[in-house]
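J.: Here you go, one structure.
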Amino acid sequence: MTGARSQTIFYTVAALIALAGLADATYLTVTHLTGEDVVCGSGDCSAVLGSVYATVGGIPTAAFGALAYFAVFSLALLAAFGYTRARIFLTLVVAVMFGVTLWLLYVQAFILHAFCPFCLLSAALTFFLAGIIVATPSTTPHVAAGSEGGPAAP
């Protein structure tokens with residue numbers, strides 16, 4: 001399989017994972033904005049989603065997640081079609097998502113002492129996205145040692 005073909009597959013999988021994250025974050029955002037209770041099979045969703053960490057400036061934290069997942073979906077599709085700048089921005093967005101996810105996991109574990117399964121799903125999806133971005137093969141041509149980047153000698 002060629003490098004470009006495998007890149008297309010990796011970025012398509014990233015786009016599909018981002019769609020799952022978008023659905024999760026949208027559900028949490030809508031339930032927060034409508035004031036409905038989240039249907040939570042196990043875990044302590046109300047403690048997490050009702051905490052001061054559930055909003056930033058009055059905007060649900062999940063809304064930022066939905067925006068980030070939509071950006072990842074869009075950028076992954078553009079990257080799959082070969083747009084180099086989309087790959088760069090995709091890497092940056094996923095890196096920021098990874099950092100925020102680590103912070104929110106810390107908040108759940110050590111500050112709130114409660115976990116929300118929907119939040120944990122989002123964390124898992126973000127970790128998968130980060131893994132895919134790191135594992136995506138590069139199509140940048142490698143320079144042979146000692147060639148100084150010039151053309152090959154006859």
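Convention: chains lettered A, B, ... in structure tokens order; per-chain residue numbering from 1; ligands numbered from 1 as shown.
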Please identify every residue of segment 59-145 of chain A that has at least one atom no farther than 12 Å from an atom of segment 33-36 of chain A, counting only C-alpha atoms, and for each give the shortest atom pair and the distance in Å to one decimal, arranged by chain then increasing number, as CSV.
T.:
residue,atom,partner,partner_atom,distance
A:Ile59,CA,A:Leu33,CA,9.0
A:Pro60,CA,A:Leu33,CA,7.8
A:Thr61,CA,A:Leu33,CA,11.2
A:Ala62,CA,A:Leu33,CA,10.4
A:Ala63,CA,A:Leu33,CA,9.8
J.: Determine, counting only C-alpha atoms, which protein, DNA and RNA residues have an atom within 10 Å of an atom of Asp37 of chain A; residues of the same chain fewer than 2 positions away are not included. Present the result as a CSV table (one decimal) with N, CA and C atoms, in the first residue's frame.
T.:
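So the final result, stored in around.csv, reads:
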chain,number,residue,atom,x,y,z
A,28,LEU,N,-24.5,16.0,24.8
A,28,LEU,CA,-24.2,16.7,26.1
A,28,LEU,C,-24.5,18.1,26.1
A,31,THR,N,-28.5,18.6,26.0
A,31,THR,CA,-29.1,18.3,27.3
A,31,THR,C,-28.8,19.4,28.3
A,32,HIS,N,-27.6,19.9,28.3
A,32,HIS,CA,-27.2,21.0,29.2
A,32,HIS,C,-28.0,22.2,28.9
A,34,THR,N,-31.0,22.5,27.4
A,34,THR,CA,-32.4,22.3,27.6
A,34,THR,C,-32.7,22.0,29.1
A,35,GLY,N,-31.7,21.8,29.9
A,35,GLY,CA,-31.9,21.5,31.3
A,35,GLY,C,-32.3,20.1,31.6
A,39,VAL,N,-29.1,10.8,30.4
A,39,VAL,CA,-29.4,9.4,30.7
A,39,VAL,C,-28.0,8.7,30.9
A,40,CYS,N,-27.7,8.4,32.1
A,40,CYS,CA,-26.4,7.9,32.5
A,40,CYS,C,-26.6,6.5,33.2
A,45,CYS,N,-22.9,11.2,36.4
A,45,CYS,CA,-23.0,12.3,35.4
A,45,CYS,C,-23.4,13.6,36.0
A,46,SER,N,-24.4,13.6,37.0
A,46,SER,CA,-24.9,14.9,37.5
A,46,SER,C,-23.8,15.6,38.3
A,49,LEU,N,-21.4,16.9,35.2
A,49,LEU,CA,-22.0,17.9,34.3
A,49,LEU,C,-22.7,19.0,35.0
A,50,GLY,N,-22.9,18.9,36.4
A,50,GLY,CA,-23.4,20.0,37.1
A,50,GLY,C,-22.4,20.9,37.8
J.: Going by DSSP on the backbone, which residues of segment 12-149 of chain A come out as helix (DSSP H, G or I)? List them as a VMD selection string.
T.: chain A and resid 12 to 34 45 to 49 52 to 54 61 to 80 84 to 112 117 to 135
J.: Using only C-alpha atoms, which protein or nucleic acid residues come within 8 Å of segment 79-84 of chain A? Drop anything in the same chain fewer than 4 positions from it, and give the result as a ChimeraX atom specification.
T.: /A:7-12,75,88
J.: Run DSSP on the backbone and give me the residues of segment 25-102 of chain A it puts in strand (DSSP E), as a list in words.
T.: Thr55, Val56, Ile59 and Pro60 of chain A
J.: Could those selected residues go to a file with C-alpha atoms, as a JSON list (two decimals), in the first residue's frame?
T.:
[["chain", "number", "residue", "atom", "x", "y", "z"],
["A", 55, "THR", "CA", -19.22, 25.61, 31.63],
["A", 56, "VAL", "CA", -16.72, 28.20, 30.51],
["A", 59, "ILE", "CA", -21.01, 28.10, 27.50],
["A", 60, "PRO", "CA", -21.17, 24.34, 28.09]]
J.: Give me the residues within 12 Å of Val96 of chain A as a short mmCIF file (atom, residue, chain, number, x, y, z; two decimals) with N, CA and C atoms, in the first residue's frame, counting only C-alpha atoms and dropping any in the same chain fewer than 6 places off.
T.:
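Saved the output as result-v2.cif:
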data_model
loop_
_atom_site.label_atom_id
_atom_site.label_comp_id
_atom_site.auth_asym_id
_atom_site.auth_seq_id
_atom_site.Cartn_x
_atom_site.Cartn_y
_atom_site.Cartn_z
N PHE A 64 -17.74 23.31 23.30
CA PHE A 64 -16.39 23.47 22.77
C PHE A 64 -15.89 22.15 22.18
N GLY A 65 -16.27 21.05 22.84
CA GLY A 65 -15.91 19.74 22.32
C GLY A 65 -16.57 19.48 20.98
N ALA A 68 -14.75 21.38 18.40
CA ALA A 68 -13.45 20.76 18.11
C ALA A 68 -13.62 19.50 17.27
N TYR A 69 -14.61 18.69 17.60
CA TYR A 69 -14.85 17.47 16.81
C TYR A 69 -15.27 17.81 15.38
N ALA A 71 -14.34 20.48 13.76
CA ALA A 71 -13.11 20.93 13.11
C ALA A 71 -12.25 19.73 12.71
N VAL A 72 -12.14 18.75 13.58
CA VAL A 72 -11.34 17.56 13.27
C VAL A 72 -11.96 16.81 12.09
N PHE A 89 -3.10 21.85 10.61
CA PHE A 89 -4.12 22.33 11.53
C PHE A 89 -4.79 21.17 12.28
N LEU A 90 -4.98 20.04 11.59
CA LEU A 90 -5.55 18.87 12.24
C LEU A 90 -4.67 18.42 13.40
N LEU A 102 -6.77 15.69 28.99
CA LEU A 102 -5.98 15.32 30.17
C LEU A 102 -6.39 16.16 31.37
N TRP A 103 -6.59 17.46 31.16
CA TRP A 103 -7.01 18.34 32.25
C TRP A 103 -8.39 17.93 32.79
N THR A 126 -10.75 10.99 21.80
CA THR A 126 -9.64 11.93 21.62
C THR A 126 -8.30 11.21 21.65
N PHE A 127 -8.16 10.24 22.54
CA PHE A 127 -6.92 9.46 22.57
C PHE A 127 -6.74 8.67 21.28
N LEU A 129 -7.93 9.54 18.35
CA LEU A 129 -7.56 10.53 17.33
C LEU A 129 -6.08 10.88 17.42
N ALA A 130 -5.60 11.10 18.63
CA ALA A 130 -4.18 11.44 18.81
C ALA A 130 -3.30 10.30 18.31
#
J.: May I ask for the distance between atom CA of Val94 of chain A and atom CA of Phe118 of chain A, given in Å to one decimal place?
T.: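 Computed distance, atom CA of Val94 of chain A to atom CA of Phe118 of chain A, equals 18.6 Å.
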